[in-house]
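Colleague: Take a look at model.txt, compact mmCIF, C-alpha atoms:
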# COMPACT_ATOMS: atom_id res chain seq x y z
CA MET A 1 -22.79 53.82 -32.34
CA ALA A 2 -19.18 54.56 -31.46
CA LEU A 3 -18.07 54.49 -27.83
CA ALA A 4 -15.81 57.50 -28.12
CA THR A 5 -14.37 59.99 -30.56
CA LEU A 6 -10.67 60.45 -31.15
CA GLY A 7 -9.69 63.65 -29.39
CA VAL A 8 -5.98 64.04 -29.89
CA VAL A 9 -2.80 62.14 -30.73
CA VAL A 10 -0.29 62.73 -27.92
CA LEU A 11 3.48 62.56 -28.40
CA ASP A 12 5.71 62.23 -25.35
CA CYS A 13 8.95 64.20 -25.55
CA PRO A 14 11.51 66.03 -23.42
CA ASP A 15 10.58 69.54 -24.66
CA PRO A 16 6.91 69.96 -25.68
CA GLY A 17 7.29 73.52 -26.95
CA ALA A 18 10.23 72.65 -29.16
CA LEU A 19 8.68 69.53 -30.68
CA ALA A 20 5.35 71.33 -31.25
CA GLY A 21 7.33 74.02 -33.05
CA PHE A 22 8.93 71.42 -35.29
CA TYR A 23 5.57 69.92 -36.33
CA ALA A 24 4.02 73.38 -36.75
CA GLU A 25 6.75 74.20 -39.25
CA VAL A 26 6.20 70.90 -41.08
CA LEU A 27 2.39 70.78 -41.07
CA GLY A 28 1.29 74.33 -40.32
CA GLY A 29 -1.11 75.27 -37.53
CA THR A 30 -0.80 77.24 -34.33
CA VAL A 31 0.97 76.14 -31.17
CA GLU A 32 -1.09 76.70 -28.02
CA GLY A 33 0.01 76.39 -24.42
CA GLU A 34 3.37 75.94 -22.76
CA GLY A 35 5.06 73.81 -20.17
CA ASP A 36 4.22 70.13 -19.84
CA TRP A 37 1.36 70.09 -22.36
CA VAL A 38 1.33 71.93 -25.67
CA ASP A 39 -1.37 71.60 -28.35
CA LEU A 40 -1.08 71.89 -32.13
CA LYS A 41 -4.25 71.94 -34.24
CA VAL A 42 -3.14 70.77 -37.65
CA PRO A 43 -5.04 72.28 -40.62
CA GLY A 44 -7.10 69.50 -42.18
CA GLY A 45 -5.67 66.99 -39.74
CA PRO A 46 -6.01 65.76 -36.19
CA SER A 47 -5.07 67.68 -33.10
CA LEU A 48 -1.60 66.78 -31.91
CA ALA A 49 -0.49 67.29 -28.33
CA PHE A 50 3.02 67.23 -26.91
CA GLN A 51 3.49 65.99 -23.36
CA GLY A 52 6.62 66.48 -21.30
CA SER A 53 8.03 63.15 -20.21
CA PRO A 54 10.76 63.18 -17.57
CA ASP A 55 13.56 60.77 -18.39
CA PHE A 56 12.24 60.40 -21.93
CA VAL A 57 14.20 57.85 -23.92
CA ALA A 58 13.75 58.10 -27.69
CA PRO A 59 12.38 55.09 -29.57
CA ARG A 60 15.10 52.80 -30.88
CA TRP A 61 14.43 51.99 -34.49
CA PRO A 62 15.26 50.25 -36.72
CA ALA A 63 16.05 47.31 -34.48
CA PRO A 64 14.54 43.83 -34.64
CA ASP A 65 13.33 44.03 -31.07
CA HIS A 66 12.24 47.67 -31.02
CA SER A 67 9.06 48.54 -32.86
CA GLN A 68 8.26 52.11 -33.88
CA GLN A 69 5.03 51.58 -31.86
CA PHE A 70 3.33 54.66 -33.35
CA HIS A 71 4.36 56.99 -36.16
CA LEU A 72 2.88 59.75 -38.33
CA ASP A 73 2.61 59.42 -42.10
CA LEU A 74 2.82 62.82 -43.80
CA THR A 75 1.85 63.41 -47.44
CA VAL A 76 4.05 65.49 -49.73
CA GLU A 77 4.10 66.35 -53.42
CA ASN A 78 7.89 66.35 -53.83
CA LEU A 79 10.01 64.08 -51.65
CA ASP A 80 13.30 65.85 -52.33
CA ALA A 81 11.94 69.30 -51.48
CA ALA A 82 10.18 68.02 -48.35
CA GLU A 83 13.29 66.17 -47.25
CA ALA A 84 15.34 69.34 -47.48
CA GLY A 85 12.67 71.11 -45.42
CA VAL A 86 12.49 68.59 -42.58
CA LEU A 87 16.28 68.17 -42.39
CA ALA A 88 16.66 71.94 -42.10
CA LEU A 89 14.19 71.80 -39.18
CA GLY A 90 16.24 69.21 -37.30
CA ALA A 91 14.92 65.86 -38.53
CA LYS A 92 17.39 63.02 -39.15
CA PRO A 93 17.19 60.42 -41.93
CA LEU A 94 16.52 56.86 -40.70
CA ASP A 95 15.72 55.05 -43.94
CA ALA A 96 15.80 57.57 -46.78
CA GLU A 97 18.43 56.34 -49.22
CA ASP A 98 16.24 54.29 -51.57
CA ARG A 99 15.14 56.86 -54.17
CA SER A 100 12.99 54.34 -56.07
CA ARG A 101 10.38 54.24 -53.29
CA GLY A 102 7.53 56.68 -52.76
CA TRP A 103 8.32 57.10 -49.06
CA ARG A 104 11.25 57.83 -46.76
CA VAL A 105 11.67 57.53 -43.01
CA TYR A 106 13.05 60.19 -40.66
CA ALA A 107 13.30 60.82 -36.93
CA ASP A 108 11.85 64.03 -35.52
CA PRO A 109 14.06 66.06 -33.13
CA ALA A 110 12.86 63.94 -30.16
CA GLY A 111 13.61 60.72 -32.06
CA HIS A 112 10.08 59.61 -33.08
CA PRO A 113 10.08 58.03 -36.54
CA PHE A 114 7.84 59.66 -39.17
CA CYS A 115 7.44 59.09 -42.92
CA LEU A 116 7.24 61.44 -45.86
CA CYS A 117 4.99 59.77 -48.44
CA ALA A 118 4.45 60.75 -52.06
CA CYS A 119 2.03 57.90 -52.70
CA MET B 1 4.13 77.22 -46.28
CA ALA B 2 3.91 73.82 -44.68
CA VAL B 3 6.28 71.07 -45.78
CA ALA B 4 3.73 68.22 -45.74
CA ARG B 5 0.11 67.27 -45.10
CA PHE B 6 -1.06 64.85 -42.42
CA ARG B 7 -1.85 61.38 -43.78
CA SER B 8 -2.10 58.73 -41.03
CA VAL B 9 -1.31 57.78 -37.49
CA VAL B 10 0.33 54.36 -37.88
CA ILE B 11 0.19 51.87 -35.03
CA ASP B 12 2.57 48.90 -34.99
CA CYS B 13 1.08 45.67 -33.68
CA PRO B 14 1.29 41.88 -33.96
CA ASP B 15 -2.19 41.47 -35.55
CA PRO B 16 -3.37 44.43 -37.68
CA ARG B 17 -6.85 42.99 -38.37
CA ALA B 18 -7.50 42.36 -34.69
CA LEU B 19 -6.27 45.74 -33.46
CA ALA B 20 -8.10 47.61 -36.24
CA GLY B 21 -11.25 45.76 -35.20
CA PHE B 22 -10.73 46.80 -31.60
CA TYR B 23 -10.46 50.51 -32.49
CA ALA B 24 -13.32 50.27 -35.00
CA ALA B 25 -15.54 49.02 -32.17
CA ILE B 26 -14.58 52.12 -30.18
CA VAL B 27 -14.50 54.99 -32.71
CA GLY B 28 -16.53 53.50 -35.58
CA GLY B 29 -15.61 52.84 -39.20
CA THR B 30 -14.86 49.60 -41.04
CA PRO B 31 -11.31 48.25 -41.21
CA GLN B 32 -9.99 47.93 -44.77
CA VAL B 33 -7.38 45.22 -45.29
CA GLN B 34 -5.17 46.82 -47.93
CA GLU B 35 -2.36 44.29 -47.41
CA GLU B 36 -2.02 41.46 -44.95
CA ASP B 37 0.42 43.66 -43.04
CA TRP B 38 -1.46 46.98 -43.44
CA VAL B 39 -5.04 47.62 -42.34
CA VAL B 40 -6.58 51.09 -42.55
CA LEU B 41 -9.41 52.45 -40.41
CA GLU B 42 -11.25 55.58 -41.51
CA ALA B 43 -14.22 56.88 -39.53
CA PRO B 44 -16.10 60.20 -39.72
CA GLY B 45 -14.33 62.91 -37.75
CA VAL B 46 -11.40 60.66 -36.90
CA PRO B 47 -7.88 60.95 -38.31
CA ARG B 48 -6.90 58.12 -40.62
CA LEU B 49 -5.48 55.25 -38.56
CA ALA B 50 -3.31 52.52 -40.06
CA PHE B 51 -2.29 49.27 -38.37
CA ASN B 52 1.11 47.93 -39.40
CA LEU B 53 2.25 44.35 -38.79
CA GLU B 54 5.44 44.28 -36.79
CA PRO B 55 6.88 40.76 -36.49
CA GLY B 56 8.47 40.32 -33.09
CA PHE B 57 6.42 43.22 -31.72
CA GLN B 58 7.09 44.01 -28.06
CA PRO B 59 4.43 46.18 -26.39
CA PRO B 60 5.45 49.48 -24.81
CA ALA B 61 6.80 49.05 -21.28
CA TRP B 62 4.53 51.47 -19.47
CA PRO B 63 3.89 52.45 -16.74
CA ARG B 64 7.32 51.83 -15.29
CA GLU B 65 9.11 53.34 -12.37
CA GLY B 66 11.37 56.11 -13.59
CA GLY B 67 8.89 57.82 -15.90
CA ASN B 68 9.25 55.66 -18.97
CA ALA B 69 7.56 57.48 -21.83
CA GLN B 70 4.42 56.26 -23.54
CA GLN B 71 5.98 57.70 -26.74
CA PHE B 72 2.61 58.09 -28.54
CA HIS B 73 -0.93 57.54 -27.32
CA LEU B 74 -4.50 58.27 -28.41
CA ASP B 75 -6.82 60.37 -26.26
CA LEU B 76 -10.44 59.29 -26.78
CA ASP B 77 -13.37 61.54 -25.85
CA ALA B 78 -15.80 59.28 -23.96
CA GLY B 79 -18.36 62.02 -23.19
CA SER B 80 -18.94 64.78 -20.67
CA THR B 81 -20.06 62.70 -17.66
CA TRP B 82 -18.38 60.01 -15.58
CA GLU B 83 -21.41 57.78 -16.31
CA GLU B 84 -20.47 57.92 -19.99
CA VAL B 85 -16.83 57.18 -19.14
CA ASP B 86 -17.99 54.22 -16.97
CA ALA B 87 -20.04 52.86 -19.88
CA ALA B 88 -17.14 53.27 -22.30
CA GLN B 89 -14.81 51.59 -19.79
CA LYS B 90 -17.13 48.58 -19.48
CA ARG B 91 -17.17 48.16 -23.24
CA VAL B 92 -13.42 48.57 -23.84
CA LEU B 93 -12.70 46.02 -21.11
CA GLU B 94 -15.09 43.62 -22.87
CA LEU B 95 -13.16 44.29 -26.09
CA GLY B 96 -9.89 43.25 -24.50
CA ALA B 97 -8.45 46.46 -23.06
CA ARG B 98 -6.81 46.52 -19.63
CA LEU B 99 -7.16 49.29 -17.06
CA LEU B 100 -3.71 50.73 -16.31
CA ARG B 101 -4.64 53.65 -14.08
CA ARG B 102 -7.87 55.04 -12.73
CA GLU B 103 -8.14 58.75 -11.93
CA ALA B 104 -6.81 59.53 -8.45
CA ASP B 105 -9.14 62.50 -8.06
CA PRO B 106 -12.17 62.92 -10.38
CA VAL B 107 -12.02 66.69 -10.00
CA GLU B 108 -8.31 67.09 -10.66
CA GLU B 109 -8.06 64.37 -13.30
CA ASP B 110 -10.53 63.76 -16.09
CA PHE B 111 -9.13 60.65 -17.74
CA ARG B 112 -8.44 56.96 -17.18
CA VAL B 113 -5.56 55.09 -18.79
CA PHE B 114 -5.94 51.73 -20.51
CA ALA B 115 -3.80 49.42 -22.61
CA ASP B 116 -5.25 48.22 -25.91
CA PRO B 117 -4.98 44.48 -26.71
CA ALA B 118 -1.49 45.01 -28.18
CA GLY B 119 -0.40 46.96 -25.09
CA HIS B 120 -0.48 50.55 -26.39
CA PRO B 121 -1.69 53.00 -23.74
CA PHE B 122 -4.80 55.04 -24.56
CA CYS B 123 -7.01 57.29 -22.45
CA LEU B 124 -10.75 57.55 -22.04
CA CYS B 125 -11.26 61.24 -21.27
CA ARG B 126 -14.20 63.07 -19.76
CA ILE B 127 -14.52 66.14 -21.97
CA ASP B 128 -16.90 69.03 -21.30
CA HIS B 129 -18.98 69.86 -24.35
CA PRO B 130 -20.31 73.43 -23.98
Starting from the file, give its structure as structure tokens.
Modeller:
Amino acid sequence: MALATLGVVVLDCPDPGALAGFYAEVLGGTVEGEGDWVDLKVPGGPSLAFQGSPDFVAPRWPAPDHSQQFHLDLTVENLDAAEAGVLALGAKPLDAEDRSRGWRVYADPAGHPFCLCAC
Amino acid sequence: MAVARFRSVVIDCPDPRALAGFYAAIVGGTPQVQEEDWVVLEAPGVPRLAFNLEPGFQPPAWPREGGNAQQFHLDLDAGSTWEEVDAAQKRVLELGARLLRREADPVEEDFRVFADPAGHPFCLCRIDHP
């Protein structure tokens, strides 16, 4: 028997409402709460939560000595269309130039890496 | 319309098999070694977790004076009583986790913070189940 169930994946960030809004636009779902803790129940996915972190410093990646630590893989049908969507929402490309691959890497508006995958 | 669908939470680590085994012992499921550097864990009712080999991995520096962010962490529901949280704590410590912070006030706070064997923070939470 399992010891626990996975409740929620929590992302630290400087502005929980803003980052929850970004992921709600990307994945759908409804943003609940405000202030230092904001929840987003993703349709067909896990619950995400966004926690205010004073003095937040964004992950540094890619760098040989700075792992991504955690990231979200997001499935899409069309990489080009999804890329246009996330860039319009404030994401930045980190490793997205190789068009022969089935995945591309971006940073969300708080700087967390995430991947769009068509695989 | 949404831009994408959720696929996985990916956790960087120095030993994907070992860390996948740690989380499988906690949330269930059987780790699947898809590549030597990519191990997937799927369990009922749990989002798909993937463990990615990161050579030269440095664990998150947390907690640290000045409010250093955890960046990402997993909240785990250990049950609705502190006895269940105590039992889960005993087991995760046996599995190689370290206690980072115990609740200061069991009424005000309903979670304890641990580091997994690779150093990622995670919480065992006491969750009321109506």
Colleague: Just checking: using all atoms listed in the file, which residue out of B:Ser8, B:Thr81, B:Thr30, B:Gln71 ends up closest to Asp128 (chain B)?
Modeller: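 Closest residue, counting all atoms listed in the file: B:Thr81.
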Colleague: Ranking A:Val38, A:Ala20, A:Ala118, A:Leu3 by minimum distance to chain B and counting only C-alpha atoms, which one comes first?
Modeller: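 Among A:Val38, A:Ala20, A:Ala118, A:Leu3, it is A:Leu3 that comes nearest to chain B.
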Colleague: Within 10 Å of (-7.7, 71.1, -41.9) (coordinates as in the file), grab all the protein and nucleic acid residues, counting only C-alpha atoms, and write them out as a list of chain:residue names.
Modeller: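 Those within range, by chain then number, are A:Gly28, A:Gly29, A:Lys41, A:Val42, A:Pro43, A:Gly44, A:Gly45, A:Pro46, A:Ser47, B:Arg5, B:Phe6.
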Colleague: Starting from the point (-1.5, 54.6, -38.0), work out which residues of protein, DNA or RNA have an atom no more than 8 Å away when counting only C-alpha atoms; state them as a list in words.
Modeller: Phe70, His71, Leu72 and Asp73 of chain A; Ser8, Val9, Val10, Ile11, Asp12, Val40, Arg48, Leu49, Ala50, Phe51 and Asn52 of chain B
Colleague: Find the residues of chain B that sit at most 6 Å from chain A; for each, write down the nearest two atoms and how far apart they are in Å, to one decimal. Count all atoms listed in the file. Sort by chain, then by number going up, and give it as JSON lines.
Modeller:
{"residue": "B:Ala2", "atom": "CA", "partner": "A:Leu27", "partner_atom": "CA", "distance": 5.0}
{"residue": "B:Val3", "atom": "CA", "partner": "A:Val26", "partner_atom": "CA", "distance": 4.7}
{"residue": "B:Ala4", "atom": "CA", "partner": "A:Val76", "partner_atom": "CA", "distance": 4.8}
{"residue": "B:Arg5", "atom": "CA", "partner": "A:Thr75", "partner_atom": "CA", "distance": 4.8}
{"residue": "B:Phe6", "atom": "CA", "partner": "A:Leu74", "partner_atom": "CA", "distance": 4.6}
{"residue": "B:Arg7", "atom": "CA", "partner": "A:Leu74", "partner_atom": "CA", "distance": 4.9}
{"residue": "B:Ser8", "atom": "CA", "partner": "A:Asp73", "partner_atom": "CA", "distance": 4.9}
{"residue": "B:Val9", "atom": "CA", "partner": "A:Leu72", "partner_atom": "CA", "distance": 4.7}
{"residue": "B:Val10", "atom": "CA", "partner": "A:His71", "partner_atom": "CA", "distance": 5.1}
{"residue": "B:Ile11", "atom": "CA", "partner": "A:Phe70", "partner_atom": "CA", "distance": 4.5}
{"residue": "B:Asp12", "atom": "CA", "partner": "A:Gln69", "partner_atom": "CA", "distance": 4.8}
{"residue": "B:Ile26", "atom": "CA", "partner": "A:Leu3", "partner_atom": "CA", "distance": 4.8}
{"residue": "B:Val27", "atom": "CA", "partner": "A:Ala2", "partner_atom": "CA", "distance": 4.9}
{"residue": "B:Gly28", "atom": "CA", "partner": "A:Ala2", "partner_atom": "CA", "distance": 5.0}
{"residue": "B:Val46", "atom": "CA", "partner": "A:Leu6", "partner_atom": "CA", "distance": 5.8}
{"residue": "B:Pro47", "atom": "CA", "partner": "A:Pro46", "partner_atom": "CA", "distance": 5.6}
{"residue": "B:Gly67", "atom": "CA", "partner": "A:Pro54", "partner_atom": "CA", "distance": 5.9}
{"residue": "B:Ala69", "atom": "CA", "partner": "A:Phe56", "partner_atom": "CA", "distance": 5.5}
{"residue": "B:Gln71", "atom": "CA", "partner": "A:Asp12", "partner_atom": "CA", "distance": 4.7}
{"residue": "B:Phe72", "atom": "CA", "partner": "A:Leu11", "partner_atom": "CA", "distance": 4.6}
{"residue": "B:His73", "atom": "CA", "partner": "A:Val10", "partner_atom": "CA", "distance": 5.3}
{"residue": "B:Leu74", "atom": "CA", "partner": "A:Val9", "partner_atom": "CA", "distance": 4.8}
{"residue": "B:Asp75", "atom": "CA", "partner": "A:Val8", "partner_atom": "CA", "distance": 5.2}
{"residue": "B:Leu76", "atom": "CA", "partner": "A:Leu6", "partner_atom": "CA", "distance": 4.5}
{"residue": "B:Asp77", "atom": "CA", "partner": "A:Thr5", "partner_atom": "CA", "distance": 5.1}
{"residue": "B:Ala78", "atom": "CA", "partner": "A:Ala4", "partner_atom": "CA", "distance": 4.5}
{"residue": "B:Ala88", "atom": "CA", "partner": "A:Leu3", "partner_atom": "CA", "distance": 5.7}
Colleague: Taking every listed atom of region 8-21 of chain A and adding 3 Å to each side, what centre and edge lengths in Å (one decimal) does the axis-aligned box have, as lines of an AutoDock Vina configuration file?
Modeller:
center_x = 2.8
center_y = 68.1
center_z = -28.2
size_x = 23.5
size_y = 17.9
size_z = 15.6
Colleague: What separation in Å, quoted to one decimal, exists between CA of Glu94 (chain B) and CA of Pro14 (chain B)?
Modeller: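 If I compute the distance from CA of Glu94 (chain B) to CA of Pro14 (chain B), I get 19.9 Å.
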Colleague: To one decimal place in Å, what is the distance between CA of Ala61 (chain B) and CA of Trp61 (chain A)?
Modeller: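 Separation of CA of Ala61 (chain B) and CA of Trp61 (chain A): 15.5 Å.
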Colleague: Give the answer as one residue: which of B:Gly45, B:Leu93, B:Pro106, B:Ala18 has the shortest atom-to-atom distance to Gln32 (chain B), using only C-alpha atoms?
Modeller: B:Ala18
Colleague: Find the distance between CA of Leu99 (chain B) and CA of Leu53 (chain B) and write it in Å to one decimal.
Modeller: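 Going from CA of Leu99 (chain B) over to CA of Leu53 (chain B) covers 24.2 Å.
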Colleague: Glu97 (chain A): which residues within 12 Å, counting all atoms listed in the file, same-chain residues fewer than 3 positions away excluded, as a list in words?
Modeller: Leu79, Asp80, Glu83, Pro93, Leu94, Ser100, Arg101, Gly102, Trp103, Arg104, Val105 and Tyr106 of chain A
Colleague: So that I have them on file, write out the residues from the current selection with C-alpha atoms, as a PDB file, keeping the file's coordinate frame.
Modeller:
ATOM      1  CA  LEU A  79      10.010  64.080 -51.650  1.00  0.00           C
ATOM      2  CA  ASP A  80      13.300  65.850 -52.330  1.00  0.00           C
ATOM      3  CA  GLU A  83      13.290  66.170 -47.250  1.00  0.00           C
ATOM      4  CA  PRO A  93      17.190  60.420 -41.930  1.00  0.00           C
ATOM      5  CA  LEU A  94      16.520  56.860 -40.700  1.00  0.00           C
ATOM      6  CA  SER A 100      12.990  54.340 -56.070  1.00  0.00           C
ATOM      7  CA  ARG A 101      10.380  54.240 -53.290  1.00  0.00           C
ATOM      8  CA  GLY A 102       7.530  56.680 -52.760  1.00  0.00           C
ATOM      9  CA  TRP A 103       8.320  57.100 -49.060  1.00  0.00           C
ATOM     10  CA  ARG A 104      11.250  57.830 -46.760  1.00  0.00           C
ATOM     11  CA  VAL A 105      11.670  57.530 -43.010  1.00  0.00           C
ATOM     12  CA  TYR A 106      13.050  60.190 -40.660  1.00  0.00           C
TER      13      TYR A 106
END
Colleague: Which residues come within 8 Å of region 109-118 of chain B, counting only C-alpha atoms, excluding same-chain residues fewer than 6 positions away, as a ChimeraX atom specification?
Modeller: /B:13-14,19,22,59,96-103,124-127
Colleague: Any chance you could export the current selection's C-alpha atoms as a short mmCIF file (atom, residue, chain, number, x, y, z; two decimals), in the frame of the given file?
Modeller:
data_model
loop_
_atom_site.label_atom_id
_atom_site.label_comp_id
_atom_site.auth_asym_id
_atom_site.auth_seq_id
_atom_site.Cartn_x
_atom_site.Cartn_y
_atom_site.Cartn_z
CA CYS B 13 1.08 45.67 -33.68
CA PRO B 14 1.29 41.88 -33.96
CA LEU B 19 -6.27 45.74 -33.46
CA PHE B 22 -10.73 46.80 -31.60
CA PRO B 59 4.43 46.18 -26.39
CA GLY B 96 -9.89 43.25 -24.50
CA ALA B 97 -8.45 46.46 -23.06
CA ARG B 98 -6.81 46.52 -19.63
CA LEU B 99 -7.16 49.29 -17.06
CA LEU B 100 -3.71 50.73 -16.31
CA ARG B 101 -4.64 53.65 -14.08
CA ARG B 102 -7.87 55.04 -12.73
CA GLU B 103 -8.14 58.75 -11.93
CA LEU B 124 -10.75 57.55 -22.04
CA CYS B 125 -11.26 61.24 -21.27
CA ARG B 126 -14.20 63.07 -19.76
CA ILE B 127 -14.52 66.14 -21.97
#
Colleague: Got a minute to add N, CA and C atoms to region 92-106 of chain B and dump it as a CSV table (one decimal), keeping the file's coordinate frame?
Modeller:
chain,number,residue,atom,x,y,z
B,92,VAL,N,-14.8,48.8,-23.4
B,92,VAL,CA,-13.4,48.6,-23.8
B,92,VAL,C,-12.8,47.4,-23.1
B,93,LEU,N,-13.2,47.2,-21.8
B,93,LEU,CA,-12.7,46.0,-21.1
B,93,LEU,C,-13.2,44.7,-21.8
B,94,GLU,N,-14.5,44.8,-22.2
B,94,GLU,CA,-15.1,43.6,-22.9
B,94,GLU,C,-14.4,43.3,-24.2
B,95,LEU,N,-13.8,44.4,-24.8
B,95,LEU,CA,-13.2,44.3,-26.1
B,95,LEU,C,-11.7,43.9,-25.9
B,96,GLY,N,-11.2,43.8,-24.7
B,96,GLY,CA,-9.9,43.2,-24.5
B,96,GLY,C,-8.9,44.3,-24.0
B,97,ALA,N,-9.4,45.5,-23.6
B,97,ALA,CA,-8.4,46.5,-23.1
B,97,ALA,C,-8.2,46.1,-21.6
B,98,ARG,N,-7.1,46.7,-21.0
B,98,ARG,CA,-6.8,46.5,-19.6
B,98,ARG,C,-6.7,47.9,-19.0
B,99,LEU,N,-7.3,48.0,-17.8
B,99,LEU,CA,-7.2,49.3,-17.1
B,99,LEU,C,-5.7,49.4,-16.5
B,100,LEU,N,-5.1,50.5,-16.8
B,100,LEU,CA,-3.7,50.7,-16.3
B,100,LEU,C,-3.7,51.7,-15.1
B,101,ARG,N,-4.6,52.7,-15.2
B,101,ARG,CA,-4.6,53.6,-14.1
B,101,ARG,C,-6.0,54.4,-14.1
B,102,ARG,N,-6.6,54.3,-12.9
B,102,ARG,CA,-7.9,55.0,-12.7
B,102,ARG,C,-7.5,56.4,-12.2
B,103,GLU,N,-8.4,57.4,-12.4
B,103,GLU,CA,-8.1,58.8,-11.9
B,103,GLU,C,-8.0,58.7,-10.4
B,104,ALA,N,-7.0,59.5,-9.9
B,104,ALA,CA,-6.8,59.5,-8.4
B,104,ALA,C,-7.8,60.5,-7.8
B,105,ASP,N,-8.2,61.5,-8.6
B,105,ASP,CA,-9.1,62.5,-8.1
B,105,ASP,C,-10.0,62.9,-9.2
B,106,PRO,N,-11.3,62.6,-9.2
B,106,PRO,CA,-12.2,62.9,-10.4
B,106,PRO,C,-12.4,64.4,-10.7
